[in-house]
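Notes follow once the structure below has been shown.
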Amino acid sequence: MLRSHFLNHIAQTNPEPHIFEVSRGEGIYLYDVDDRPFIDLISGISVSSFGHSHPLIIEAIKNQADQYLHTMVYGEHIQAPQVKLARKLSKLLPDPLDNVYYVSSGSECVEAAIKIAKKYTGRRDLVACKNAYHGSSHGPLSLMDNEYFSAAYRPLLPNVRFFELNNEASLSVITESTAAVFLETIQGEAGIRIPTRSFMQALRARCTETGAILVLDEIQAGMGRTGKLWAFQHFDVAPDVILLSKAFGGGMPLGAIITSKKIMHVISDHPILGHITTFGGHPVCCAAGLAALNMLTSTDLISSIKRKAQLFIDLLNHPQVKEIRSIGFLMALDLQDEKKVKQLMEYGMAHQLLFDWFLYDAGSVRIAPPLIITEDQIRTACKILVEGMDQLN
């Protein structure tokens with residue numbers, strides 16, 4: 001009954017939805033209506049980094065809900081969860097990234113960053129990377145060169161140019177007319193594409209030279225997923241603006257644009273309310289986000305990721321796998337065959353294992369487990385994956 005209501009009354013974004021009915025979640029497991037545990041290797045697309053129903057996050061949510069929920073649109077009332085989380089972030093990011101604007105999603109982060117960059121620089125041109133994914137609203141779509149996803153919604157924002165990842169010569173598209181350059185620190189939907197250190201440093205230098213604002217989208221790669229708290233730390237560079245969401249809210253809807261107070265100030269005047277959001281920085285979401293960030297910075301969870309990711313790589317050495325692209329727990333298992341990926345996903349579902357694919361790389365399997373997954377749980381999951389690959393044809 002619930003399935004039919006789901007199909008009739010919930011907007012469908014995919015002609016072939018998973019149709020997995022969730023009854024509850026605990027740790028790395030999601031349970032179906034028959035109370036069967038499914039290993040979750042996708043974490044809601046890198047959201048549930050602390051698994052499902054983590055007691056410390058649940059406690060933070062309950063405690064804040066007992067005090068107050070929404071009080072006023074963002075930025076008007078002093079709310080302790082917002083302030084405590086912003087202060088914590090400022091201590092964990094390099095100078096001058098000390099000013100936070102909260103939103104509810106990753107797409108909102110990108111929209112706000114576009115406006116802030118244009119207002120601050122007085123410029124109108126934007127530059128982004130080919131094969132990028134920054135969200136689904138008009139601003140983020142404008143920063144994506146994939147016509148399959150954007151053509152139906154044109155006209156999009158004008159004056160957007162694109163460079164190629166790891167092609168330093170292509171950075172010449174960044175000029176004195178560029179307001180901002182947007183880059184996923186690790187490209188996600190392209191199938192986990194990782195920049196080189198030299199490319200990232202050349203990008204940073206080019207932005208500094210031209211006065212363009214460097215915006216690093218860590219919506220998926222941040223919050224410890226790559227084995228460092230922030231993915232840009234792998235490359236010895238720092239952005240002018242960092243965007244966070246997904247795991248940032250500890251499972252609750254929360255995003256943030258973080259930059260210097262000097263840059264952020266432009267949305268406060270001429271005009272006032274230069275950017276506004278009703279539910280951004282919701283106190284319950286900020287309480288959950290603070291609990292998540294405290295766990296990341298007070299435990300050895302991040303330091304364990306490199307070792308556990310290597311275990312995945314070692315155990316998934318299989319003839320069907322042409323390449324494994326990985327940086328921490330952002331992993332692409334490249335089968336170079338969309339049909340095989342779908343077959344493997346069906347096998348996984350039948351054997352209580354959940355994983356996914358990529359928008360721009362349908363021939364690869366996406367693996368992004370909760371950071372709390374244990375080595376024994378990794379072995380169990382990989383055993384199912386290997387058995388499934390044994391049956392591919």
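Chain labels follow the order of the structure tokens: the first chain is A, the next B, and so on; residue numbering restarts at 1 in every chain, and ligands are counted from 1 in their shown order.
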
Discussion item. I need the helix (DSSP H, G or I) residues of stretch 142-256 of chain A per DSSP on the backbone, written as a VMD selection string.
Written reply: chain A and resid 142 147 to 153 168 to 173 197 to 210 231 to 234 246 to 249

Discussion item. With only C-alpha atoms as the counted atoms, please give the residues lying no more than 10 Å from A:Glu21, apart from itself and same-chain residues fewer than 4 positions off, as a VMD selection string.
Written reply: chain A and resid 2 to 3 6 30 to 34

Show me a table, sorted first by chain and then by increasing residue number, of the residues of stretch 323-387 of chain A having an atom at most 12 Å from stretch 238-258 of chain A, each with its shortest atom pair and the distance in Å to one decimal, counting only C-alpha atoms and written as a Markdown table.
| residue | atom | partner | partner_atom | distance |
| --- | --- | --- | --- | --- |
| A:Ala368 | CA | A:Ala247 | CA | 11.6 |
| A:Pro369 | CA | A:Ala247 | CA | 11.8 |
| A:Pro370 | CA | A:Ala247 | CA | 9.8 |
| A:Leu371 | CA | A:Ala247 | CA | 10.4 |

Fill in: Nearest to A:Ser326 by atom-to-atom distance, counting only C-alpha atoms, from A:Pro17, A:Gly188, A:Pro283, A:Gly274
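Between A:Pro17, A:Gly188, A:Pro283, A:Gly274, the residue approaching A:Ser326 most closely is A:Gly188.
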
Residues of stretch 204-292 of chain A classed as strand (DSSP E) by DSSP on the backbone are to be reported as an mmCIF file with C-alpha atoms, in the first residue's frame.
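Writing the result to states-v9.cif gives the following:
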data_model
loop_
_atom_site.group_PDB
_atom_site.id
_atom_site.type_symbol
_atom_site.label_atom_id
_atom_site.label_comp_id
_atom_site.auth_asym_id
_atom_site.auth_seq_id
_atom_site.Cartn_x
_atom_site.Cartn_y
_atom_site.Cartn_z
ATOM 1 C CA ILE A 213 37.627 34.449 -5.819
ATOM 2 C CA LEU A 214 38.452 30.756 -5.487
ATOM 3 C CA VAL A 215 35.386 28.821 -4.301
ATOM 4 C CA LEU A 216 36.017 25.207 -3.317
ATOM 5 C CA ASP A 217 32.913 23.060 -3.179
ATOM 6 C CA VAL A 241 35.320 30.552 0.031
ATOM 7 C CA ILE A 242 34.487 27.008 1.112
ATOM 8 C CA LEU A 243 31.065 25.417 0.663
ATOM 9 C CA LEU A 244 29.798 22.699 3.018
ATOM 10 C CA GLY A 255 24.861 23.914 4.513
ATOM 11 C CA ALA A 256 27.330 26.742 4.941
ATOM 12 C CA ILE A 257 29.243 29.308 2.943
ATOM 13 C CA ILE A 258 32.402 30.237 4.831
ATOM 14 C CA THR A 259 34.666 33.119 3.890
#

Fill in: Among listed residues A:Asp40, A:Lys308, A:Gly289, A:Ile302, nearest A:Pro81 (using only C-alpha atoms)
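Under the stated criterion, the closest residue is A:Gly289.
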
Dump as JSON lines the rows for residues of stretch 256-318 of chain A within 10 Å of stretch 58-76 of chain A: closest atom pair and distance in Å with one decimal, only C-alpha atoms counted, ordered by chain and rising residue number.
{"residue": "A:Leu273", "atom": "CA", "partner": "A:Gly75", "partner_atom": "CA", "distance": 9.5}
{"residue": "A:His275", "atom": "CA", "partner": "A:Tyr74", "partner_atom": "CA", "distance": 9.9}
{"residue": "A:Ile276", "atom": "CA", "partner": "A:Tyr74", "partner_atom": "CA", "distance": 7.0}
{"residue": "A:Thr277", "atom": "CA", "partner": "A:Tyr74", "partner_atom": "CA", "distance": 6.0}
{"residue": "A:Thr278", "atom": "CA", "partner": "A:Val73", "partner_atom": "CA", "distance": 4.4}
{"residue": "A:Phe279", "atom": "CA", "partner": "A:Val73", "partner_atom": "CA", "distance": 6.5}
{"residue": "A:Gly280", "atom": "CA", "partner": "A:Tyr74", "partner_atom": "CA", "distance": 6.0}
{"residue": "A:Gly281", "atom": "CA", "partner": "A:Tyr74", "partner_atom": "CA", "distance": 6.5}
{"residue": "A:His282", "atom": "CA", "partner": "A:His70", "partner_atom": "CA", "distance": 6.2}
{"residue": "A:Pro283", "atom": "CA", "partner": "A:Leu69", "partner_atom": "CA", "distance": 6.2}
{"residue": "A:Val284", "atom": "CA", "partner": "A:Ile61", "partner_atom": "CA", "distance": 5.6}
{"residue": "A:Cys285", "atom": "CA", "partner": "A:Ile61", "partner_atom": "CA", "distance": 7.5}
{"residue": "A:Cys286", "atom": "CA", "partner": "A:Ile61", "partner_atom": "CA", "distance": 8.9}
{"residue": "A:Ala287", "atom": "CA", "partner": "A:Ala60", "partner_atom": "CA", "distance": 5.8}
{"residue": "A:Ala288", "atom": "CA", "partner": "A:Ala60", "partner_atom": "CA", "distance": 5.7}
{"residue": "A:Gly289", "atom": "CA", "partner": "A:Ala60", "partner_atom": "CA", "distance": 9.1}
{"residue": "A:Leu290", "atom": "CA", "partner": "A:Ala60", "partner_atom": "CA", "distance": 8.5}
{"residue": "A:Ala291", "atom": "CA", "partner": "A:Ala60", "partner_atom": "CA", "distance": 6.6}
{"residue": "A:Ala292", "atom": "CA", "partner": "A:Ala60", "partner_atom": "CA", "distance": 9.5}
